[in-house]
$ cat structure_8.cif   # mmCIF, C-alpha atoms
data_protein
#
loop_
_atom_site.label_atom_id
_atom_site.label_comp_id
_atom_site.auth_asym_id
_atom_site.auth_seq_id
_atom_site.Cartn_x
_atom_site.Cartn_y
_atom_site.Cartn_z
CA MET A 1 34.55 12.60 -13.88
CA ASN A 2 33.34 9.29 -15.37
CA TYR A 3 29.75 8.30 -16.13
CA LYS A 4 29.24 6.08 -13.04
CA VAL A 5 30.48 8.70 -10.58
CA THR A 6 28.34 11.42 -12.19
CA THR A 7 25.22 9.21 -12.06
CA TYR A 8 25.86 8.35 -8.41
CA LEU A 9 26.21 12.00 -7.40
CA LEU A 10 23.06 13.02 -9.28
CA SER A 11 21.08 10.19 -7.67
CA PHE A 12 22.36 11.07 -4.20
CA ARG A 13 21.54 14.76 -4.63
CA ALA A 14 18.05 13.90 -5.95
CA GLY A 15 17.37 11.79 -2.86
CA ILE A 16 18.57 14.50 -0.46
CA LEU A 17 16.49 17.14 -2.27
CA SER A 18 13.36 14.97 -2.10
CA ILE A 19 13.75 14.48 1.65
CA SER A 20 14.38 18.19 2.22
CA ILE A 21 11.24 19.17 0.33
CA LEU A 22 9.23 16.58 2.25
CA LEU A 23 10.39 17.71 5.69
CA SER A 24 9.64 21.33 4.85
CA ILE A 25 5.91 20.62 4.27
CA ILE A 26 5.17 18.16 7.09
CA SER A 27 2.61 19.14 9.72
CA PHE A 28 2.52 16.67 12.59
CA SER A 29 -1.15 15.85 12.89
CA SER A 30 -2.39 12.34 12.26
CA ASN A 31 -5.08 10.22 10.63
CA ALA A 32 -6.22 9.99 7.03
CA GLN A 33 -9.48 9.40 5.21
CA ASP A 34 -8.61 6.81 2.54
CA ILE A 35 -7.98 3.10 3.03
CA HIS A 36 -4.41 2.52 4.17
CA PHE A 37 -2.27 -0.11 5.89
CA SER A 38 0.53 0.05 8.46
CA GLN A 39 2.60 -2.36 6.32
CA PHE A 40 2.45 0.14 3.47
CA MET A 41 5.37 -1.39 1.57
CA GLN A 42 3.43 -4.68 1.44
CA SER A 43 0.40 -3.05 -0.21
CA PRO A 44 2.10 -1.68 -3.34
CA LEU A 45 -0.88 -0.81 -5.57
CA ASN A 46 -2.54 1.02 -2.67
CA LEU A 47 0.69 2.91 -1.95
CA ASN A 48 1.39 4.27 -5.43
CA PRO A 49 0.05 3.44 -8.94
CA ALA A 50 3.67 3.56 -10.15
CA GLN A 51 4.36 0.44 -8.05
CA THR A 52 2.37 -1.53 -10.64
CA GLY A 53 4.68 -4.10 -12.22
CA ASN A 54 7.58 -2.77 -10.14
CA PHE A 55 8.98 -6.02 -8.72
CA ASP A 56 11.40 -8.84 -9.53
CA GLY A 57 9.34 -11.45 -11.32
CA ALA A 58 6.52 -11.92 -13.81
CA TYR A 59 3.31 -11.88 -11.75
CA ARG A 60 2.59 -10.74 -8.18
CA PHE A 61 -0.42 -11.47 -5.95
CA VAL A 62 -0.96 -9.55 -2.71
CA GLY A 63 -3.39 -9.97 0.19
CA ASN A 64 -3.81 -7.58 3.14
CA ALA A 65 -6.06 -7.80 6.20
CA ARG A 66 -6.36 -5.38 9.12
CA ARG A 67 -8.49 -5.49 12.30
CA GLN A 68 -8.35 -2.80 14.99
CA TRP A 69 -10.23 -1.21 17.91
CA SER A 70 -11.84 -4.52 18.95
CA SER A 71 -11.01 -3.54 22.56
CA ILE A 72 -13.25 -0.44 22.33
CA THR A 73 -16.08 -0.94 19.87
CA ILE A 74 -17.15 -3.00 16.88
CA PRO A 75 -13.81 -3.75 15.17
CA TYR A 76 -12.70 -1.75 12.15
CA GLN A 77 -11.85 -4.28 9.45
CA THR A 78 -10.02 -3.70 6.18
CA PHE A 79 -9.27 -6.26 3.48
CA GLY A 80 -7.41 -5.90 0.21
CA VAL A 81 -6.29 -8.10 -2.68
CA SER A 82 -4.34 -7.16 -5.78
CA ALA A 83 -2.58 -8.73 -8.74
CA ASP A 84 -0.15 -7.15 -11.17
CA ALA A 85 2.13 -8.16 -14.01
CA LYS A 86 5.50 -7.02 -15.29
CA ASN A 87 5.98 -6.65 -19.07
CA PHE A 88 2.23 -7.13 -19.49
CA LEU A 89 1.19 -8.91 -22.72
CA ARG A 90 4.90 -9.21 -23.56
CA LYS A 91 5.18 -5.42 -23.84
CA LYS A 92 8.55 -4.55 -22.38
CA ASN A 93 8.60 -1.98 -19.54
CA THR A 94 4.78 -2.04 -19.31
CA GLY A 95 2.95 -3.03 -16.12
CA ALA A 96 -0.74 -3.70 -15.44
CA GLY A 97 -2.68 -4.53 -12.32
CA ILE A 98 -6.03 -4.81 -10.58
CA SER A 99 -6.83 -4.15 -6.91
CA LEU A 100 -9.87 -4.56 -4.70
CA TYR A 101 -10.37 -3.21 -1.16
CA HIS A 102 -13.17 -3.47 1.36
CA ASP A 103 -13.41 -1.57 4.64
CA LYS A 104 -16.12 -1.74 7.33
CA THR A 105 -16.20 0.45 10.42
CA GLY A 106 -18.27 1.22 13.51
CA ASP A 107 -21.84 0.70 14.73
CA SER A 108 -23.30 1.94 11.45
CA HIS A 109 -21.30 -0.69 9.50
CA PHE A 110 -20.07 2.13 7.30
CA SER A 111 -18.41 0.28 4.42
CA THR A 112 -16.18 1.16 1.53
CA PHE A 113 -15.75 -1.05 -1.54
CA GLN A 114 -13.11 -0.04 -4.06
CA LEU A 115 -12.06 -1.55 -7.38
CA ASN A 116 -9.19 -0.14 -9.47
CA LEU A 117 -7.32 -0.98 -12.67
CA ALA A 118 -3.76 0.31 -13.04
CA GLY A 119 -1.14 0.68 -15.74
CA SER A 120 2.48 1.76 -15.68
CA TYR A 121 5.47 2.38 -17.93
CA THR A 122 9.14 2.28 -16.91
CA PHE A 123 11.94 4.42 -18.35
CA LYS A 124 15.57 3.39 -17.95
CA LEU A 125 17.79 6.22 -16.72
CA SER A 126 21.14 4.44 -16.95
CA ARG A 127 22.99 2.31 -19.49
CA ASN A 128 23.05 -0.79 -17.29
CA ALA A 129 19.38 -0.48 -16.14
CA SER A 130 20.48 0.15 -12.55
CA GLN A 131 18.37 3.29 -12.36
CA PHE A 132 14.82 3.69 -13.67
CA LEU A 133 11.69 5.81 -13.36
CA THR A 134 8.13 4.46 -13.48
CA LEU A 135 4.97 6.41 -14.25
CA GLY A 136 1.62 4.95 -13.20
CA VAL A 137 -2.08 5.73 -13.48
CA GLN A 138 -5.00 4.09 -11.72
CA GLY A 139 -8.75 4.32 -12.27
CA GLY A 140 -11.89 2.61 -11.05
CA PHE A 141 -14.80 3.20 -8.71
CA THR A 142 -15.69 3.35 -5.02
CA GLN A 143 -19.00 2.51 -3.38
CA ARG A 144 -19.74 3.61 0.19
CA ARG A 145 -22.73 2.42 2.21
CA ILE A 146 -24.12 2.98 5.69
CA ASP A 147 -26.61 0.95 7.76
CA TYR A 148 -28.89 3.20 9.81
CA SER A 149 -30.77 0.33 11.53
CA ASN A 150 -28.21 -0.09 14.34
CA LEU A 151 -28.01 3.63 15.19
CA THR A 152 -29.76 5.20 18.17
CA PHE A 153 -30.96 8.80 18.59
CA ASP A 154 -31.68 11.15 21.47
CA ASN A 155 -35.43 11.31 20.78
CA GLN A 156 -35.64 7.57 21.60
CA TYR A 157 -34.95 8.40 25.25
CA ASN A 158 -38.25 8.32 27.18
CA GLY A 159 -37.02 10.35 30.13
CA PHE A 160 -35.75 7.35 32.10
CA TYR A 161 -33.99 5.07 29.66
CA TYR A 162 -33.45 4.34 25.99
CA ASP A 163 -36.51 2.72 24.41
CA PRO A 164 -35.89 1.09 21.00
CA ASN A 165 -39.64 0.94 20.38
CA ILE A 166 -39.85 4.72 20.10
CA PRO A 167 -39.42 5.72 16.44
CA SER A 168 -36.43 7.94 15.75
CA THR A 169 -38.41 10.13 13.30
CA GLU A 170 -35.14 10.54 11.39
CA ILE A 171 -35.41 10.55 7.60
CA PHE A 172 -32.43 9.53 5.49
CA GLU A 173 -32.36 10.15 1.77
CA ASN A 174 -29.51 7.84 0.82
CA GLU A 175 -27.79 4.71 2.12
CA GLY A 176 -24.99 4.65 -0.43
CA ARG A 177 -22.69 6.66 -2.62
CA PHE A 178 -20.93 5.68 -5.85
CA TYR A 179 -18.09 7.68 -7.40
CA PRO A 180 -15.13 7.22 -9.80
CA ASN A 181 -11.46 7.03 -8.79
CA LEU A 182 -8.53 8.59 -10.60
CA ASN A 183 -5.00 8.37 -9.16
CA THR A 184 -1.50 8.80 -10.54
CA GLY A 185 2.07 8.46 -9.33
CA ILE A 186 5.76 8.34 -10.13
CA ASN A 187 8.47 6.11 -8.63
CA TRP A 188 12.26 6.23 -8.89
CA VAL A 189 14.60 3.30 -8.15
CA ARG A 190 18.40 3.21 -7.98
CA ILE A 191 20.16 -0.15 -7.62
CA TYR A 192 23.78 0.06 -6.50
CA GLN A 193 24.36 -3.63 -5.77
CA ASP A 194 22.30 -6.79 -5.34
CA ARG A 195 21.38 -5.83 -1.75
CA LYS A 196 21.95 -2.08 -1.87
CA ARG A 197 19.20 0.11 -3.33
CA ILE A 198 16.95 3.09 -2.77
CA SER A 199 13.40 3.78 -3.96
CA SER A 200 11.30 6.91 -3.73
CA GLY A 201 7.84 7.76 -5.01
CA ILE A 202 5.11 10.36 -4.90
CA ALA A 203 1.43 9.83 -5.75
CA LEU A 204 -1.76 11.88 -6.00
CA PHE A 205 -5.11 10.26 -5.19
CA ASN A 206 -8.74 11.42 -5.67
CA MET A 207 -7.71 13.75 -8.47
CA THR A 208 -11.32 14.59 -9.43
CA ARG A 209 -12.41 15.31 -5.80
CA PRO A 210 -15.59 13.20 -6.03
CA LYS A 211 -18.78 14.13 -4.18
CA GLN A 212 -19.15 12.53 -0.74
CA SER A 213 -22.44 13.65 0.80
CA PHE A 214 -25.18 11.11 1.59
CA PHE A 215 -27.66 14.02 1.76
CA GLY A 216 -27.26 15.60 -1.68
CA ASN A 217 -24.81 18.32 -0.64
CA ASP A 218 -22.55 18.71 -3.68
CA GLN A 219 -20.17 20.95 -1.73
CA ILE A 220 -18.93 18.00 0.35
CA ARG A 221 -16.16 16.34 -1.64
CA LEU A 222 -13.38 13.87 -0.96
CA ASP A 223 -10.11 15.73 -0.55
CA ARG A 224 -7.15 14.94 -2.75
CA ARG A 225 -4.46 12.91 -1.00
CA ILE A 226 -0.75 13.26 -1.64
CA SER A 227 1.50 10.38 -0.66
CA TYR A 228 5.29 10.33 -0.50
CA ASN A 229 7.39 7.28 0.37
CA ILE A 230 11.06 6.45 0.44
CA SER A 231 12.70 3.14 1.29
CA ALA A 232 16.16 1.65 1.12
CA GLN A 233 18.09 -1.57 1.56
CA TYR A 234 21.63 -1.59 2.92
CA PRO A 235 23.76 -4.65 3.81
CA LEU A 236 25.26 -4.62 7.30
CA SER A 237 27.00 -7.99 6.90
CA ASN A 238 26.95 -11.06 4.68
CA ARG A 239 23.55 -12.07 6.05
CA ILE A 240 22.01 -8.95 7.63
CA ASP A 241 20.33 -6.07 5.78
CA LEU A 242 18.85 -2.82 7.10
CA LEU A 243 15.59 -1.73 5.42
CA PRO A 244 14.47 1.76 6.56
CA SER A 245 11.28 3.29 5.15
CA LEU A 246 9.20 6.44 5.46
CA LEU A 247 5.67 7.36 4.41
CA PHE A 248 4.08 10.80 4.52
CA MET A 249 0.46 11.41 3.53
CA ALA A 250 -1.62 14.59 3.56
CA GLN A 251 -5.35 14.78 2.87
CA GLY A 252 -7.31 17.93 3.58
CA LYS A 253 -6.45 19.13 7.07
CA PHE A 254 -5.08 15.74 8.09
CA SER A 255 -1.56 14.38 7.68
CA GLU A 256 0.33 11.28 8.69
CA LEU A 257 4.01 10.44 9.02
CA ILE A 258 5.29 6.88 9.47
CA LEU A 259 9.01 6.32 10.02
CA GLY A 260 10.89 3.16 10.96
CA SER A 261 12.96 0.23 9.81
CA SER A 262 13.16 -3.52 9.71
CA VAL A 263 16.21 -5.76 9.85
CA LYS A 264 16.44 -8.79 7.56
CA TYR A 265 18.46 -11.91 8.33
CA ILE A 266 19.12 -14.13 5.31
CA LEU A 267 18.81 -17.82 6.15
CA GLU A 268 19.41 -19.24 2.68
CA ASP A 269 20.09 -17.73 -0.73
CA ASN A 270 20.68 -20.20 -3.56
CA ARG A 271 19.15 -18.15 -6.34
CA SER A 272 22.42 -17.86 -8.29
CA LYS A 273 22.68 -21.65 -8.54
CA TYR A 274 19.37 -21.94 -10.36
CA LYS A 275 19.44 -19.14 -12.93
CA ASN A 276 18.31 -21.48 -15.71
CA SER A 277 15.69 -23.26 -13.60
CA SER A 278 12.29 -22.52 -12.09
CA VAL A 279 13.72 -23.35 -8.64
CA HIS A 280 14.04 -20.29 -6.41
CA HIS A 281 15.55 -20.98 -2.98
CA TYR A 282 15.47 -17.87 -0.81
CA ARG A 283 14.69 -17.79 2.93
CA ALA A 284 14.92 -14.74 5.21
CA VAL A 285 13.30 -13.41 8.38
CA TYR A 286 12.42 -9.81 9.31
CA VAL A 287 11.80 -7.88 12.50
CA GLY A 288 11.08 -4.16 12.67
CA GLY A 289 9.43 -1.21 14.36
CA TRP A 290 7.75 2.00 13.15
CA ALA A 291 6.29 5.14 14.68
CA ARG A 292 3.19 6.94 13.39
CA THR A 293 3.26 10.52 14.65
CA ARG A 294 0.87 11.42 17.48
CA ASP A 295 -1.05 8.21 16.94
CA ALA A 296 0.68 4.87 17.35
CA GLY A 297 3.74 2.72 17.07
CA TYR A 298 3.83 -0.76 15.63
CA ILE A 299 6.10 -3.76 15.49
CA SER A 300 6.32 -6.29 12.70
CA ILE A 301 7.77 -9.67 11.85
CA GLY A 302 8.03 -11.27 8.44
CA MET A 303 9.51 -14.05 6.39
CA ASP A 304 10.57 -14.71 2.81
CA TYR A 305 10.05 -18.34 1.83
CA ASP A 306 11.03 -18.81 -1.80
CA GLU A 307 8.27 -17.06 -3.81
CA TRP A 308 6.22 -16.23 -0.68
CA PHE A 309 6.34 -13.36 1.80
CA PHE A 310 4.40 -13.34 5.08
CA GLY A 311 4.18 -10.26 7.29
CA LEU A 312 2.43 -9.69 10.63
CA SER A 313 2.28 -6.40 12.53
CA TYR A 314 0.58 -5.06 15.67
CA ASP A 315 -0.32 -1.43 16.33
CA ILE A 316 0.19 0.01 19.82
CA ASN A 317 -2.11 2.98 20.39
CA LEU A 318 -0.39 6.11 21.75
CA SER A 319 -3.04 8.75 20.94
CA ASN A 320 -5.60 10.47 23.19
CA LEU A 321 -7.67 7.30 22.88
CA LYS A 322 -5.12 5.37 24.95
CA PRO A 323 -7.11 5.52 28.27
CA ALA A 324 -9.96 3.66 26.53
CA SER A 325 -7.88 1.39 24.31
CA GLN A 326 -5.25 0.68 27.02
CA GLY A 327 -2.72 0.88 24.21
CA ARG A 328 -4.32 -1.91 22.21
CA GLY A 329 -4.57 -1.17 18.50
CA GLY A 330 -4.89 -4.05 16.08
CA PHE A 331 -3.31 -6.79 14.01
CA GLU A 332 -2.45 -6.63 10.34
CA LEU A 333 -1.47 -9.46 7.99
CA ALA A 334 0.21 -9.24 4.58
CA ILE A 335 0.82 -12.13 2.15
CA ILE A 336 2.63 -11.81 -1.19
CA TYR A 337 3.21 -14.49 -3.81
CA ILE A 338 5.43 -13.86 -6.86
CA ILE A 339 5.68 -16.03 -9.96
CA ARG A 340 9.27 -15.50 -11.01
CA ASP A 341 9.35 -17.19 -14.41
CA ARG A 342 7.28 -16.07 -17.36
CA LEU A 343 5.37 -18.41 -19.60
CA PRO A 344 7.39 -20.01 -22.41
CA PRO A 345 7.37 -18.10 -25.72
CA ARG A 346 4.47 -18.86 -28.03
CA LEU A 347 5.41 -21.01 -31.03
CA LYS A 348 4.95 -19.30 -34.38
CA TYR A 349 4.76 -22.57 -36.32
CA LYS A 350 2.96 -25.89 -36.12
CA VAL A 351 4.78 -29.11 -35.23
CA CYS A 352 3.64 -31.91 -37.56
CA PRO A 353 3.91 -35.66 -36.78
CA ASP A 354 6.60 -37.64 -38.62
CA PHE A 355 4.05 -39.83 -40.44
CA MET A 356 2.46 -36.93 -42.30
#
$ encode --input "structure_8.cif" --output "structure tokens"
Amino acid sequence: MNYKVTTYLLSFRAGILSISILLSIISFSSNAQDIHFSQFMQSPLNLNPAQTGNFDGAYRFVGNARRQWSSITIPYQTFGVSADAKNFLRKKNTGAGISLYHDKTGDSHFSTFQLNLAGSYTFKLSRNASQFLTLGVQGGFTQRRIDYSNLTFDNQYNGFYYDPNIPSTEIFENEGRFYPNLNTGINWVRIYQDRKRISSGIALFNMTRPKQSFFGNDQIRLDRRISYNISAQYPLSNRIDLLPSLLFMAQGKFSELILGSSVKYILEDNRSKYKNSSVHHYRAVYVGGWARTRDAGYISIGMDYDEWFFGLSYDINLSNLKPASQGRGGFELAIIYIIRDRLPPRLKYKVCPDFM
């Protein structure tokens, strides 16, 4: 059996084993406690620290925005931006990135601000670099705050109606909480052809289980979160690709499973004609649908336009909240920009004028 066949069989068996292990531990409850997006593949540094520098290009910039439950209450809003580099500081196989997220929810304006730095290193597992493994680590801090001024309490009821002039007599010790983040992950990629590949990763977040209580209770801590994702790309014709993906997350007593696929139609692909140029002509459109167990389904559309990607999705609520939400969830937007070409090499000598 030759080297290529052996590598293919080992990769296939590794993928099947990963899926089998995943399905054996899934419990079908929903919801999670950390910041997350429906378009999880378009929020790479939030998905897995090992996604840092794991892209085709030199520099990547990502923006994510989510707004939901505006049909029921004050909207829950989440924003995220990140930037990462491949072969950071000209160090081959080394990635580095920074990410920032802000989330605000509910009448109390409960907010989460998170800043992380990430680093990664990639190991080649095959002679032709068609298979590689990336290890990543991420660290930073999170600040959580709550605004008590908009909250109402039962002792402000005067017997007939709510009276805001009656003091609540509630005493709160703390309006904020600050704690460190420490996350790690691993990601495996196998490239069979230009449009045929598979990627799988597992990550562990909140490794130190930081304290969460606003009232000085050190026993209340943020649960560790484990995240597993797998995605693939498979050509159905000269212009159409299938891109299935799966995400499973478990945190404390909560778990979440997202499963679905998008279909890509390639409008224009002239990349091969410009290998020695900064021009990058690539246009494609996407349409897809996903299901989030016992919670929601969502549809998405997207477009590649040269170095840009634009994605828009809408969640359709299917949970017990449906009678109030009438099925309305929320919109989510993702924007990615990739700089394909690296800066020119630095000159190691000085160029002198002819007259000197």
$ atom_distance --input "structure_8.cif" --atom1 "atom CA of Asp241 of chain A" --atom2 "atom CA of Val263 of chain A"
5.8 Å
$ atom_distance --input "structure_8.cif" --atom1 "atom CA of Asn317 of chain A" --atom2 "atom CA of Thr105 of chain A"
17.4 Å
$ resolve_selection --input "structure_8.cif" --expression "the PyMOL selection byres ((chain A and resi 245) around 9)" --output "ChimeraX atom specification"
/A:41,229-232,243-244,246-247,258-262,290
$ residues_around --input "structure_8.cif" --residues "Ser130 of chain A" --least-positions-apart "6" --cutoff "7 Å" --atoms "all atoms listed in the file" --output "ChimeraX atom specification"
/A:190-192
$ residues_near_point --input "structure_8.cif" --point "(-24.7, 7.5, 0.7)" --cutoff "6 Å" --atoms "all atoms listed in the file" --output "PyMOL selection string"
chain A and resi 145+174-177+214
$ closest_residue --input "structure_8.cif" --among "A:Arg294, A:Ala334, A:Val287, A:Phe248" --to "Leu312 of chain A" --atoms "all atoms listed in the file"
A:Ala334
$ resolve_selection --input "structure_8.cif" --expression "the PyMOL selection byres ((chain A and resi 284) around 7)" --output "ChimeraX atom specification"
/A:264-268,282-283,285-286,303-305
$ resolve_selection --input "structure_8.cif" --expression "the PyMOL selection byres ((chain A and resi 187) around 12)" --output "JSON, numbers by chain"
{"A": [44, 47, 48, 49, 50, 51, 52, 53, 54, 120, 121, 122, 123, 131, 132, 133, 134, 135, 136, 137, 184, 185, 186, 188, 189, 190, 198, 199, 200, 201, 202, 203, 227, 228, 229, 230, 231]}
$ atom_distance --input "structure_8.cif" --atom1 "atom CA of Gln114 of chain A" --atom2 "atom CA of Ser313 of chain A"
23.5 Å
$ closest_residue --input "structure_8.cif" --among "A:Gly57, A:Leu45, A:Gly80, A:Phe254" --to "Ile335 of chain A" --atoms "only C-alpha atoms"
A:Gly80
$ residues_around --input "structure_8.cif" --residues "Ile339 of chain A" --least-positions-apart "6" --cutoff "10 Å" --atoms "only C-alpha atoms" --output "list in words"
Asp56, Gly57, Ala58, Tyr59, Arg60, Phe61, Ala85, Ser278, Glu307 and Trp308 of chain A
$ write_last_selection --input "structure_8.cif" --atoms "C-alpha atoms" --output "short mmCIF file (atom, residue, chain, number, x, y, z; two decimals), in the coordinates of the input"
data_model
loop_
_atom_site.label_atom_id
_atom_site.label_comp_id
_atom_site.auth_asym_id
_atom_site.auth_seq_id
_atom_site.Cartn_x
_atom_site.Cartn_y
_atom_site.Cartn_z
CA ASP A 56 11.40 -8.84 -9.53
CA GLY A 57 9.34 -11.45 -11.32
CA ALA A 58 6.52 -11.92 -13.81
CA TYR A 59 3.31 -11.88 -11.75
CA ARG A 60 2.59 -10.74 -8.18
CA PHE A 61 -0.42 -11.47 -5.95
CA ALA A 85 2.13 -8.16 -14.01
CA SER A 278 12.29 -22.52 -12.09
CA GLU A 307 8.27 -17.06 -3.81
CA TRP A 308 6.22 -16.23 -0.68
#
$ closest_residue --input "structure_8.cif" --among "A:Tyr298, A:Phe309, A:Ile35, A:Ser99" --to "Gln251 of chain A" --atoms "only C-alpha atoms"
A:Ile35
$ closest_residue --input "structure_8.cif" --among "A:Arg340, A:Ala250, A:Met207, A:Phe141" --to "His281 of chain A" --atoms "all atoms listed in the file"
A:Arg340
